[in-house]
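For reference, input_10.cif (mmCIF, C-alpha atoms):
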```
data_coords
loop_
_atom_site.group_PDB
_atom_site.id
_atom_site.type_symbol
_atom_site.label_atom_id
_atom_site.label_comp_id
_atom_site.auth_asym_id
_atom_site.auth_seq_id
_atom_site.Cartn_x
_atom_site.Cartn_y
_atom_site.Cartn_z
ATOM 1 C CA MET E 86 199.758 -84.669 90.772
ATOM 2 C CA PRO E 87 199.141 -84.693 94.562
ATOM 3 C CA LEU E 88 201.411 -87.713 94.933
ATOM 4 C CA ALA E 89 204.075 -85.970 92.829
ATOM 5 C CA ALA E 90 203.773 -82.798 94.942
ATOM 6 C CA ILE E 91 204.313 -84.755 98.159
ATOM 7 C CA ALA E 92 207.214 -86.581 96.517
ATOM 8 C CA VAL E 93 208.856 -83.227 95.683
ATOM 9 C CA HIS E 94 208.299 -82.007 99.241
ATOM 10 C CA GLN E 95 209.754 -85.131 100.841
ATOM 11 C CA LEU E 96 212.594 -85.374 98.324
ATOM 12 C CA ARG E 97 213.583 -81.773 99.048
ATOM 13 C CA PHE E 98 214.034 -82.564 102.744
ATOM 14 C CA PHE E 99 215.945 -85.771 102.128
ATOM 15 C CA LEU E 100 218.245 -84.070 99.614
ATOM 16 C CA ALA E 101 218.899 -81.176 102.017
ATOM 17 C CA PHE E 102 219.254 -83.092 105.279
ATOM 18 C CA GLY E 103 220.086 -86.654 104.265
ATOM 19 C CA SER E 104 219.021 -89.363 106.681
ATOM 20 C CA SER E 105 217.919 -86.804 109.286
ATOM 21 C CA GLY E 106 215.311 -85.384 106.864
ATOM 22 C CA GLY E 107 212.487 -87.062 108.774
ATOM 23 C CA ASP E 108 213.571 -85.417 112.028
ATOM 24 C CA GLU E 109 213.750 -82.031 110.306
ATOM 25 C CA LEU E 110 210.260 -82.537 108.861
ATOM 26 C CA SER E 111 208.739 -83.173 112.280
ATOM 27 C CA ALA E 112 210.674 -80.296 113.879
ATOM 28 C CA THR E 113 209.504 -77.692 111.366
ATOM 29 C CA GLY E 114 205.742 -78.276 111.489
ATOM 30 C CA HIS E 115 205.289 -80.920 108.806
ATOM 31 C CA SER E 116 203.633 -83.536 110.988
ATOM 32 C CA TYR E 117 200.282 -82.970 109.271
ATOM 33 C CA LEU E 118 201.551 -84.757 106.149
ATOM 34 C CA HIS E 119 200.961 -88.154 107.763
ATOM 35 C CA SER E 120 197.231 -87.470 107.932
ATOM 36 C CA LEU E 121 197.171 -86.559 104.228
ATOM 37 C CA THR E 122 198.746 -89.825 103.095
ATOM 38 C CA PRO E 123 195.520 -91.899 102.928
ATOM 39 C CA TRP E 124 193.778 -89.169 100.908
ATOM 40 C CA ILE E 125 196.661 -88.917 98.493
ATOM 41 C CA VAL E 126 196.685 -92.697 98.061
ATOM 42 C CA LEU E 127 192.919 -92.542 97.414
ATOM 43 C CA LEU E 128 193.414 -89.864 94.730
ATOM 44 C CA PHE E 129 196.176 -91.959 93.171
ATOM 45 C CA ALA E 130 193.911 -95.022 93.145
ATOM 46 C CA LEU E 131 191.153 -92.990 91.478
ATOM 47 C CA GLY E 132 193.632 -91.844 88.834
ATOM 48 C CA VAL E 133 194.741 -95.411 88.161
ATOM 49 C CA GLY E 134 191.106 -96.512 87.985
ATOM 50 C CA GLY E 135 190.337 -93.737 85.494
ATOM 51 C CA PHE E 136 193.295 -94.782 83.379
ATOM 52 C CA LEU E 137 192.180 -98.436 83.394
ATOM 53 C CA CYS E 138 188.670 -97.333 82.408
ATOM 54 C CA ARG E 139 190.095 -95.314 79.540
ATOM 55 C CA LEU E 140 192.228 -98.282 78.503
ATOM 56 C CA GLY E 141 189.172 -100.554 78.445
ATOM 57 C CA LEU E 142 187.162 -98.032 76.441
ATOM 58 C CA ALA E 143 189.958 -97.722 73.891
ATOM 59 C CA TRP E 144 190.111 -101.500 73.526
ATOM 60 C CA ARG E 145 186.325 -101.879 73.169
ATOM 61 C CA ALA E 146 185.873 -98.946 70.796
ATOM 62 C CA GLY E 147 189.029 -99.588 68.809
ATOM 63 C CA ALA E 148 189.882 -95.881 68.933
ATOM 64 C CA ALA E 149 192.261 -93.984 71.193
ATOM 65 C CA GLY E 150 190.374 -90.685 71.071
ATOM 66 C CA ASP E 151 191.255 -87.332 69.605
ATOM 67 C CA HIS E 152 193.681 -85.700 71.998
ATOM 68 C CA PRO E 153 196.380 -83.334 70.826
ATOM 69 C CA ARG E 154 199.858 -84.750 71.076
ATOM 70 C CA ARG E 155 202.171 -82.665 73.243
ATOM 71 C CA SER E 156 205.944 -82.842 73.057
ATOM 72 C CA LEU E 157 207.753 -84.602 75.866
ATOM 73 C CA ILE E 158 209.828 -81.494 76.648
ATOM 74 C CA ARG E 159 206.681 -79.362 76.921
ATOM 75 C CA LEU E 160 204.990 -81.880 79.224
ATOM 76 C CA TRP E 161 208.133 -82.042 81.335
ATOM 77 C CA LEU E 162 208.418 -78.266 81.670
ATOM 78 C CA VAL E 163 204.725 -77.748 82.443
ATOM 79 C CA ALA E 164 204.735 -80.498 85.071
ATOM 80 C CA SER E 165 207.976 -79.199 86.627
ATOM 81 C CA VAL E 166 206.757 -75.598 86.817
ATOM 82 C CA ALA E 167 203.446 -76.774 88.289
ATOM 83 C CA LEU E 168 205.298 -78.807 90.919
ATOM 84 C CA VAL E 169 207.515 -75.844 91.869
ATOM 85 C CA LEU E 170 204.439 -73.620 92.183
ATOM 86 C CA ILE E 171 202.647 -76.214 94.311
ATOM 87 C CA TYR E 172 205.740 -76.500 96.525
ATOM 88 C CA VAL E 173 205.982 -72.713 96.930
ATOM 89 C CA GLY E 174 202.282 -72.475 97.779
ATOM 90 C CA GLN E 175 202.480 -75.337 100.241
ATOM 91 C CA GLU E 176 205.522 -73.899 102.022
ATOM 92 C CA ALA E 177 203.965 -70.416 102.119
ATOM 93 C CA LEU E 178 200.822 -71.831 103.749
ATOM 94 C CA GLU E 179 202.922 -73.820 106.187
ATOM 95 C CA GLY E 180 204.775 -70.618 107.093
ATOM 96 C CA LEU E 181 201.473 -68.929 107.867
ATOM 97 C CA LEU E 182 199.703 -71.783 109.628
ATOM 98 C CA ALA E 183 202.229 -74.250 111.105
ATOM 99 C CA SER E 184 204.064 -73.605 114.334
ATOM 100 C CA GLY E 185 207.819 -73.979 114.115
ATOM 101 C CA HIS E 186 207.908 -73.320 110.371
ATOM 102 C CA PRO E 187 209.755 -70.206 109.160
ATOM 103 C CA ASP E 188 207.688 -67.835 107.053
ATOM 104 C CA GLY E 189 208.438 -65.873 103.896
ATOM 105 C CA LEU E 190 211.235 -66.752 101.477
ATOM 106 C CA ALA E 191 213.266 -68.278 104.312
ATOM 107 C CA GLY E 192 210.515 -70.842 104.812
ATOM 108 C CA ILE E 193 210.282 -71.574 101.102
ATOM 109 C CA PHE E 194 213.876 -71.632 99.884
ATOM 110 C CA GLY E 195 215.887 -71.493 103.133
ATOM 111 C CA ASN E 196 217.603 -74.528 104.729
ATOM 112 C CA GLY E 197 217.986 -76.316 101.410
ATOM 113 C CA GLY E 198 214.598 -75.352 100.015
ATOM 114 C CA TRP E 199 216.205 -74.657 96.658
ATOM 115 C CA TRP E 200 216.483 -78.483 96.334
ATOM 116 C CA ALA E 201 212.793 -78.379 95.444
ATOM 117 C CA ILE E 202 213.692 -77.099 91.969
ATOM 118 C CA PRO E 203 215.846 -80.087 90.892
ATOM 119 C CA ALA E 204 213.404 -82.411 92.683
ATOM 120 C CA SER E 205 210.549 -80.848 90.685
ATOM 121 C CA LEU E 206 212.497 -81.315 87.467
ATOM 122 C CA ALA E 207 213.101 -84.992 88.255
ATOM 123 C CA VAL E 208 209.527 -85.732 89.335
ATOM 124 C CA GLY E 209 208.137 -83.619 86.452
ATOM 125 C CA GLY E 210 210.208 -85.698 84.025
ATOM 126 C CA ALA E 211 208.816 -88.874 85.544
ATOM 127 C CA LEU E 212 205.277 -87.482 85.193
ATOM 128 C CA ALA E 213 205.887 -86.576 81.544
ATOM 129 C CA LEU E 214 207.203 -90.063 80.810
ATOM 130 C CA LEU E 215 204.240 -91.580 82.653
ATOM 131 C CA ALA E 216 201.790 -89.490 80.612
ATOM 132 C CA ARG E 217 203.528 -90.436 77.361
ATOM 133 C CA GLY E 218 203.547 -94.116 78.363
ATOM 134 C CA GLY E 219 199.843 -93.955 79.243
ATOM 135 C CA ARG E 220 199.046 -92.471 75.848
ATOM 136 C CA ALA E 221 201.091 -95.198 74.143
ATOM 137 C CA ALA E 222 199.277 -97.880 76.162
ATOM 138 C CA ILE E 223 195.874 -96.468 75.165
ATOM 139 C CA SER E 224 196.887 -96.375 71.486
ATOM 140 C CA PHE E 225 198.164 -99.959 71.735
ATOM 141 C CA ALA E 226 194.905 -101.111 73.367
ATOM 142 C CA ALA E 227 192.918 -99.417 70.589
ATOM 143 C CA ARG E 228 194.974 -101.227 67.928
ATOM 144 C CA LEU E 229 194.483 -104.557 69.736
ATOM 145 C CA GLY E 230 190.746 -103.888 69.945
ATOM 146 C CA ARG E 231 190.537 -103.303 66.200
ATOM 147 C CA ARG E 232 192.474 -106.497 65.427
ATOM 148 C CA SER E 233 190.464 -108.716 67.760
ATOM 149 C CA ARG E 234 187.145 -107.964 66.028
ATOM 150 C CA PRO E 235 186.439 -110.054 62.949
ATOM 151 C CA ALA E 236 185.633 -108.144 59.795
ATOM 152 C CA ARG E 237 181.935 -108.299 58.908
ATOM 153 C CA SER E 238 180.956 -109.552 55.528
ATOM 154 C CA ARG E 239 178.443 -107.555 53.518
ATOM 155 C CA SER E 240 175.927 -110.394 53.609
ATOM 156 C CA ALA E 241 175.974 -110.652 57.401
ATOM 157 C CA ARG E 242 173.053 -108.864 58.962
ATOM 158 C CA PRO E 243 173.646 -106.882 62.118
ATOM 159 C CA LEU E 244 172.006 -108.179 65.268
ATOM 160 C CA LEU E 245 168.887 -106.256 66.102
ATOM 161 C CA ALA E 246 167.796 -105.469 69.612
ATOM 162 C CA PRO E 247 164.567 -107.188 70.647
ATOM 163 C CA ALA E 248 161.411 -105.084 70.462
ATOM 164 C CA PRO E 249 160.133 -103.861 73.804
ATOM 165 C CA VAL E 250 157.175 -105.703 75.295
ATOM 166 C CA PHE E 251 154.344 -103.558 76.611
ATOM 167 C CA ILE E 252 152.036 -105.060 79.222
ATOM 168 C CA VAL E 253 148.484 -103.778 79.018
ATOM 169 C CA HIS E 254 146.918 -103.441 82.423
ATOM 170 C CA ALA E 255 143.351 -104.720 82.744
ATOM 171 C CA SER E 256 140.486 -102.424 83.659
ATOM 172 C CA PRO E 257 139.653 -102.424 87.382
ATOM 173 C CA LEU E 258 136.085 -103.509 86.516
ATOM 174 C CA ALA E 259 137.375 -106.620 84.806
ATOM 175 C CA CYS E 260 138.879 -108.089 87.934
ATOM 176 C CA CYS E 261 137.494 -108.991 91.308
ATOM 177 C CA ALA E 262 137.974 -105.545 92.884
ATOM 178 C CA PRO E 263 135.906 -102.996 90.894
ATOM 179 C CA GLY E 264 135.968 -100.452 93.724
ATOM 180 C CA ARG E 265 132.487 -100.969 95.324
ATOM 181 C CA ALA E 266 130.596 -103.804 96.839
ATOM 182 C CA PRO E 267 127.587 -105.487 95.175
ATOM 183 C CA PRO E 268 124.129 -104.245 96.206
ATOM 184 C CA ALA E 269 122.692 -105.754 99.331
ATOM 185 C CA SER E 270 120.019 -108.366 98.780
ATOM 186 C CA LEU E 271 116.557 -107.941 100.320
#
```
As a first step, turn the structure in this file into structure tokens.
Amino acid sequence: MPLAAIAVHQLRFFLAFGSSGGDELSATGHSYLHSLTPWIVLLFALGVGGFLCRLGLAWRAGAAGDHPRRSLIRLWLVASVALVLIYVGQEALEGLLASGHPDGLAGIFGNGGWWAIPASLAVGGALALLARGGRAAISFAARLGRRSRPARSRSARPLLAPAPVFIVHASPLACCAPGRAPPASL
């Protein structure tokens, strides 16, 4: 979602200002976005890693998990509304904190800010398709995991884990260091 929110923000400026969108970004107090890029890439990498973990678990377990199936339209609308709200919040904070950025509704929807709505719809649709594709990939991995395991016959015994081995420690008097020296000889 953070990567999608930045994509909406950048796409809004490039739709409103064309090739001079980068100049407009730096002129209106958006230079801080360059320092956020590594963190957003890190969050994206963590999301991809979580998805790959989930994919591996589905393949090993042979089950995709019990998650309610949402309609594509509902996912699209929820993601789009969330992206618009994130954009509005981000622009409102920039209006309060960044120098050179207009505040209020002029800072949010002025100078082509209304382009954030179609950009949110486009990016929200991509997110919905990505979520649906991820769910399909997990279901496919679960089916492959079930097929790759051979069926057990009734006569085959399951493998048992080895019994734990307990080491009994010897008494301190049984070894060479009982805790005191022998009596002195006369």
Output of the PyMOL selection byres ((chain E and resi 222-227) around 9), listed as number ranges by chain = E: 136, 139-150, 217-221, 228-232
What does the PyMOL selection byres ((chain E and resi 207) around 12) select in this file, as number ranges by chain?
-> E: 89-90, 92-93, 96-97, 161-162, 164-166, 168-169, 200-206, 208-214
How many Å lie between atom CA of E:Leu88 and atom CA of E:Leu170, rounded to one decimal?
->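 Those two atoms sit 14.7 Å apart.
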Å distance separating atom CA of E:Leu157 from atom CA of E:Gly132, one decimal place =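 So the answer is 20.5 Å.
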Rounded to one decimal place, report the atom CA of E:Tyr172-atom CA of E:Met86 distance in Å.
->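 About the pair atom CA of E:Tyr172 and atom CA of E:Met86: they are 11.6 Å apart.
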Taking only C-alpha atoms into account, produce a table as CSV in which each residue of stretch 98-177 of chain E with an atom at most 9 Å from an atom of stretch 194-199 of chain E appears once, together with its shortest atom pair and the distance in Å to one decimal, ordered by chain and rising number.
```
residue,atom,partner,partner_atom,distance
E:Phe98,CA,E:Gly197,CA,7.5
E:Leu100,CA,E:Gly197,CA,8.0
E:Ala101,CA,E:Gly197,CA,5.0
E:Phe102,CA,E:Gly197,CA,7.9
E:Val173,CA,E:Phe194,CA,8.5
E:Glu176,CA,E:Phe194,CA,8.9
```
